[in-house]
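Accompanying notes for the structure given below.
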Amino acid sequence: QENSMTQRKPMKFTLLMIILAGALSCQSQTTKTMKENQNNPLLCDPITGTCELPDAGTQDSSQFIMLNQKKPVKIIYYTDPICSSCWGIEPQLRKLKLEYGEYIKIDYRMGGLLPDWSYNSGGISKPSDVAHHWEEVSAYYEMPIDGGVWLEDPLPSSYPPSIAVKAAQMQDKEKAIVFMRKLREYVFLEKKNITKWEVISAAAKAVGLNVEQLKKDYESGDAKKLFEEDLAFGRQLGVRGFPSMYFSGSDDKRFLVYGFKPYEAFEDAIKQIAPEAKKKAIDTSTPLALFAHYPTLTAKEYSVLYSISVKEAQKTLEALVSENKLSKLVIKTGTLYQKK
């Protein structure tokens, strides 16, 4: 462990890399295929739980910059609207907010997963190559994903929705989080091309953002500048893939949780920085209680938040649909439930 932030050797501070207990395996892919896919950000590795940038080096947090904060734990979260592994950790992240929300402040940063299609790596050269992979990832994380967007209306880049998220942050940081969630639901479940303005504006309207102001900030270049600052800061941190979550406190304790990890990994990072942090009990008094916090939930999210099996979650949620208390969006790899 190093206390100095000025030296340039990798891993200058205490680094928390919590590896999922037991060797995880993705039976639908061979070891050779996994190696081929390492350099393509759209072919996320379910074993490590990461979407890595091409030719990224070692993650070096010696450049980590402390920011002023009122809450004891600051989290810089590098993500991307089309990062399937980031979609995979939504259950853990949502639980973290409910249990430790009074101790943490999350700074959402965009990482720029797909600049364009001017490359060919990892056995992928065109959008249609991604479709099947997304559905494999869906089964692995038990989070519904339909890869059909890559066959029907493929995205040329992840930059436009990333810039839109920065525009939303300029307007309202909390609504920006819900906005990014809506964009992900559009692309992962509804096969919508979230680079198109009509889709972006529909998401903004759905979450209560000022669409006119969003368009102004999106087109003026101000949001793009913020996005470019995120990319530059990511390079400074040595971000090599997503999700990357940097936990820090007021002292020299700083930890990185990289990739898909069980909930305990994120919880432990908080405890390392703020041992006094006490988890808040999640209100599970009624089957609909969590929908007061999150308007949409998958069965996996419901199971993690209620601490029950996915099978039990599905049974409960379907009962609520039958009682006309929930509506649902069904796709071939799962279901999204919404309170009526």
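Labels used: A, B, ... for chains in the order of the structure tokens, numbers from 1 for residues in each chain, and numbers from 1 for ligands as shown.
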(request) Would you please extract all strand (DSSP E) residues from range 90-181 of chain A, as assigned by DSSP on the backbone, and give them as number ranges by chain? (result) A: 104-110
(message) I want to know what sits within 9 Å of Gly88 in chain A, based on only C-alpha atoms, with residues of the same chain fewer than 3 positions away left out; could you give that as a ChimeraX atom specification?
(response) /A:49,83-85,91-92,137-138,140-143,260
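Considering only C-alpha atoms, the residue among A:Ser158, A:Leu290, A:Asn210, A:Lys175 positioned nearest to Trp117 in chain A is A:Ser158.
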(message) Give me, as a list in words, all polymer residues having an atom no more than 9 Å from range 131-134 of chain A, counting only C-alpha atoms and skipping those fewer than 6 positions away in the same chain.
(response) Leu42, Leu43, Cys44, Ser84, Ile145, Asp146, Gly147, Gly148, Val149, Trp150, Leu151 and Phe188 of chain A
Take the selection from the previous step and output its residues with all heavy atoms, as a PDB file, in the first residue's frame.
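What follows is the written file again.pdb:
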```
ATOM      1  N   LEU A  42     -17.599  -4.627 -27.233  1.00  0.00           N
ATOM      2  CA  LEU A  42     -18.998  -5.038 -27.299  1.00  0.00           C
ATOM      3  C   LEU A  42     -19.190  -6.506 -26.936  1.00  0.00           C
ATOM      4  O   LEU A  42     -20.297  -6.932 -26.647  1.00  0.00           O
ATOM      5  CB  LEU A  42     -19.560  -4.771 -28.688  1.00  0.00           C
ATOM      6  CG  LEU A  42     -19.791  -3.290 -28.997  1.00  0.00           C
ATOM      7  CD1 LEU A  42     -20.260  -3.122 -30.423  1.00  0.00           C
ATOM      8  CD2 LEU A  42     -20.792  -2.686 -28.039  1.00  0.00           C
ATOM      9  N   LEU A  43     -18.115  -7.284 -26.971  1.00  0.00           N
ATOM     10  CA  LEU A  43     -18.195  -8.676 -26.568  1.00  0.00           C
ATOM     11  C   LEU A  43     -17.713  -8.769 -25.125  1.00  0.00           C
ATOM     12  O   LEU A  43     -16.584  -9.109 -24.857  1.00  0.00           O
ATOM     13  CB  LEU A  43     -17.356  -9.557 -27.505  1.00  0.00           C
ATOM     14  CG  LEU A  43     -17.833  -9.575 -28.959  1.00  0.00           C
ATOM     15  CD1 LEU A  43     -17.010 -10.553 -29.777  1.00  0.00           C
ATOM     16  CD2 LEU A  43     -19.300  -9.951 -29.049  1.00  0.00           C
ATOM     17  N   CYS A  44     -18.601  -8.428 -24.204  1.00  0.00           N
ATOM     18  CA  CYS A  44     -18.247  -8.386 -22.792  1.00  0.00           C
ATOM     19  C   CYS A  44     -18.000  -9.791 -22.269  1.00  0.00           C
ATOM     20  O   CYS A  44     -18.702 -10.729 -22.623  1.00  0.00           O
ATOM     21  CB  CYS A  44     -19.345  -7.702 -21.990  1.00  0.00           C
ATOM     22  SG  CYS A  44     -19.702  -6.038 -22.600  1.00  0.00           S
ATOM     23  N   SER A  84     -23.308  -4.074 -21.471  1.00  0.00           N
ATOM     24  CA  SER A  84     -24.160  -5.162 -20.985  1.00  0.00           C
ATOM     25  C   SER A  84     -23.759  -5.625 -19.589  1.00  0.00           C
ATOM     26  O   SER A  84     -24.625  -6.047 -18.797  1.00  0.00           O
ATOM     27  CB  SER A  84     -24.129  -6.343 -21.968  1.00  0.00           C
ATOM     28  OG  SER A  84     -22.814  -6.807 -22.182  1.00  0.00           O
ATOM     29  N   ILE A 145     -32.130  -9.322 -21.962  1.00  0.00           N
ATOM     30  CA  ILE A 145     -31.536  -8.553 -23.061  1.00  0.00           C
ATOM     31  C   ILE A 145     -31.969  -9.195 -24.373  1.00  0.00           C
ATOM     32  O   ILE A 145     -31.894 -10.411 -24.527  1.00  0.00           O
ATOM     33  CB  ILE A 145     -29.990  -8.533 -23.013  1.00  0.00           C
ATOM     34  CG1 ILE A 145     -29.470  -7.968 -21.691  1.00  0.00           C
ATOM     35  CG2 ILE A 145     -29.437  -7.727 -24.185  1.00  0.00           C
ATOM     36  CD1 ILE A 145     -27.947  -8.015 -21.568  1.00  0.00           C
ATOM     37  N   ASP A 146     -32.401  -8.381 -25.311  1.00  0.00           N
ATOM     38  CA  ASP A 146     -32.702  -8.832 -26.662  1.00  0.00           C
ATOM     39  C   ASP A 146     -31.677  -8.188 -27.591  1.00  0.00           C
ATOM     40  O   ASP A 146     -31.618  -6.959 -27.700  1.00  0.00           O
ATOM     41  CB  ASP A 146     -34.123  -8.414 -27.062  1.00  0.00           C
ATOM     42  CG  ASP A 146     -34.570  -9.021 -28.389  1.00  0.00           C
ATOM     43  OD1 ASP A 146     -33.699  -9.303 -29.244  1.00  0.00           O
ATOM     44  OD2 ASP A 146     -35.783  -9.206 -28.576  1.00  0.00           O
ATOM     45  N   GLY A 147     -30.877  -9.005 -28.217  1.00  0.00           N
ATOM     46  CA  GLY A 147     -29.827  -8.473 -29.089  1.00  0.00           C
ATOM     47  C   GLY A 147     -30.317  -8.036 -30.455  1.00  0.00           C
ATOM     48  O   GLY A 147     -29.516  -7.639 -31.316  1.00  0.00           O
ATOM     49  N   GLY A 148     -31.627  -8.066 -30.664  1.00  0.00           N
ATOM     50  CA  GLY A 148     -32.184  -7.783 -31.980  1.00  0.00           C
ATOM     51  C   GLY A 148     -31.895  -6.406 -32.533  1.00  0.00           C
ATOM     52  O   GLY A 148     -31.948  -6.195 -33.747  1.00  0.00           O
ATOM     53  N   VAL A 149     -31.581  -5.429 -31.652  1.00  0.00           N
ATOM     54  CA  VAL A 149     -31.282  -4.087 -32.148  1.00  0.00           C
ATOM     55  C   VAL A 149     -30.108  -4.109 -33.122  1.00  0.00           C
ATOM     56  O   VAL A 149     -30.061  -3.320 -34.071  1.00  0.00           O
ATOM     57  CB  VAL A 149     -31.002  -3.114 -30.975  1.00  0.00           C
ATOM     58  CG1 VAL A 149     -29.699  -3.469 -30.254  1.00  0.00           C
ATOM     59  CG2 VAL A 149     -30.969  -1.668 -31.452  1.00  0.00           C
ATOM     60  N   TRP A 150     -29.172  -5.041 -32.909  1.00  0.00           N
ATOM     61  CA  TRP A 150     -27.986  -5.112 -33.770  1.00  0.00           C
ATOM     62  C   TRP A 150     -28.302  -5.716 -35.136  1.00  0.00           C
ATOM     63  O   TRP A 150     -27.503  -5.615 -36.070  1.00  0.00           O
ATOM     64  CB  TRP A 150     -26.881  -5.915 -33.087  1.00  0.00           C
ATOM     65  CG  TRP A 150     -26.446  -5.287 -31.801  1.00  0.00           C
ATOM     66  CD1 TRP A 150     -26.705  -5.720 -30.540  1.00  0.00           C
ATOM     67  CD2 TRP A 150     -25.701  -4.073 -31.659  1.00  0.00           C
ATOM     68  NE1 TRP A 150     -26.154  -4.850 -29.616  1.00  0.00           N
ATOM     69  CE2 TRP A 150     -25.538  -3.833 -30.273  1.00  0.00           C
ATOM     70  CE3 TRP A 150     -25.152  -3.151 -32.564  1.00  0.00           C
ATOM     71  CZ2 TRP A 150     -24.860  -2.719 -29.769  1.00  0.00           C
ATOM     72  CZ3 TRP A 150     -24.467  -2.050 -32.071  1.00  0.00           C
ATOM     73  CH2 TRP A 150     -24.319  -1.845 -30.691  1.00  0.00           C
ATOM     74  N   LEU A 151     -29.477  -6.330 -35.247  1.00  0.00           N
ATOM     75  CA  LEU A 151     -29.915  -6.894 -36.520  1.00  0.00           C
ATOM     76  C   LEU A 151     -30.902  -5.975 -37.225  1.00  0.00           C
ATOM     77  O   LEU A 151     -30.907  -5.897 -38.448  1.00  0.00           O
ATOM     78  CB  LEU A 151     -30.589  -8.256 -36.282  1.00  0.00           C
ATOM     79  CG  LEU A 151     -29.751  -9.328 -35.586  1.00  0.00           C
ATOM     80  CD1 LEU A 151     -30.616 -10.543 -35.285  1.00  0.00           C
ATOM     81  CD2 LEU A 151     -28.546  -9.712 -36.437  1.00  0.00           C
ATOM     82  N   PHE A 188     -31.782  -2.497 -24.536  1.00  0.00           N
ATOM     83  CA  PHE A 188     -31.628  -3.900 -24.154  1.00  0.00           C
ATOM     84  C   PHE A 188     -32.919  -4.711 -24.285  1.00  0.00           C
ATOM     85  O   PHE A 188     -32.869  -5.901 -24.585  1.00  0.00           O
ATOM     86  CB  PHE A 188     -31.120  -4.012 -22.708  1.00  0.00           C
ATOM     87  CG  PHE A 188     -29.687  -3.611 -22.530  1.00  0.00           C
ATOM     88  CD1 PHE A 188     -29.332  -2.677 -21.568  1.00  0.00           C
ATOM     89  CD2 PHE A 188     -28.680  -4.158 -23.307  1.00  0.00           C
ATOM     90  CE1 PHE A 188     -28.005  -2.298 -21.390  1.00  0.00           C
ATOM     91  CE2 PHE A 188     -27.359  -3.789 -23.147  1.00  0.00           C
ATOM     92  CZ  PHE A 188     -27.016  -2.847 -22.184  1.00  0.00           C
TER      93      PHE A 188
END
```
(message) Taking the DSSP secondary structure from the backbone, can you list the residues of range 40-283 of chain A that are alpha helix (DSSP H), as JSON, numbers by chain?
(response) {"A": [84, 85, 86, 87, 88, 90, 91, 92, 93, 94, 95, 96, 97, 98, 99, 100, 128, 129, 130, 131, 132, 133, 134, 135, 136, 137, 138, 139, 140, 141, 149, 150, 151, 152, 159, 160, 161, 162, 163, 164, 165, 166, 167, 168, 169, 170, 171, 173, 174, 175, 176, 177, 178, 179, 180, 181, 182, 183, 184, 185, 186, 187, 188, 197, 198, 199, 200, 201, 202, 203, 204, 205, 206, 211, 212, 213, 214, 215, 216, 217, 218, 219, 220, 222, 223, 224, 225, 226, 227, 228, 229, 230, 231, 232, 233, 234, 235, 236, 237, 263, 264, 265, 266, 267, 268, 269, 270, 271, 272, 273]}
(message) Nearest residue to Glu102 in chain A out of A:Pro160, A:Gly259, A:Pro72, A:Pro115, using only C-alpha atoms?
(response) A:Pro72
(message) Between A:Cys86, A:Leu183, A:Val304, A:Leu209, which residue has the minimum interatomic distance to Tyr263 in chain A, considering only C-alpha atoms?
(response) A:Val304
(request) Go through A:Ile82, A:Leu237, A:Lys70, A:Leu96 one by one, measure the shortest atom-to-atom distance of each to Asp268 in chain A using only C-alpha atoms, and give the residue with the smallest value. (result)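 Distance minimum relative to Asp268 in chain A lands on A:Leu96.
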(message) Given only C-alpha atoms as the basis, pick out the residue of A:Ala176, A:Leu155, A:Cys51, A:Ala269 nearest to Leu113 in chain A.
(response)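 The answer is A:Cys51, which sits nearest to Leu113 in chain A.
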(request) May I have the residues within 12 Å of Ala167 in chain A as a ChimeraX atom specification, using only C-alpha atoms and disregarding those fewer than 5 positions away in the same chain? (result) /A:110,160-162,172-173,175-177,179-180,200-201,204,209-227
(request) Return the single residue from A:Leu320, A:Gly111, A:Lys300, A:Leu231 that is closest to Thr335 in chain A, with distances computed using only C-alpha atoms. (result)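 For Thr335 in chain A, the nearest of the given residues is A:Lys300.
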(request) Tell me, as a PyMOL selection string, which residues lie within 10 Å of range 278-280 of chain A, counting only C-alpha atoms; anything in the same chain fewer than 6 positions away does not count. (result) chain A and resi 96-103+267+270-271
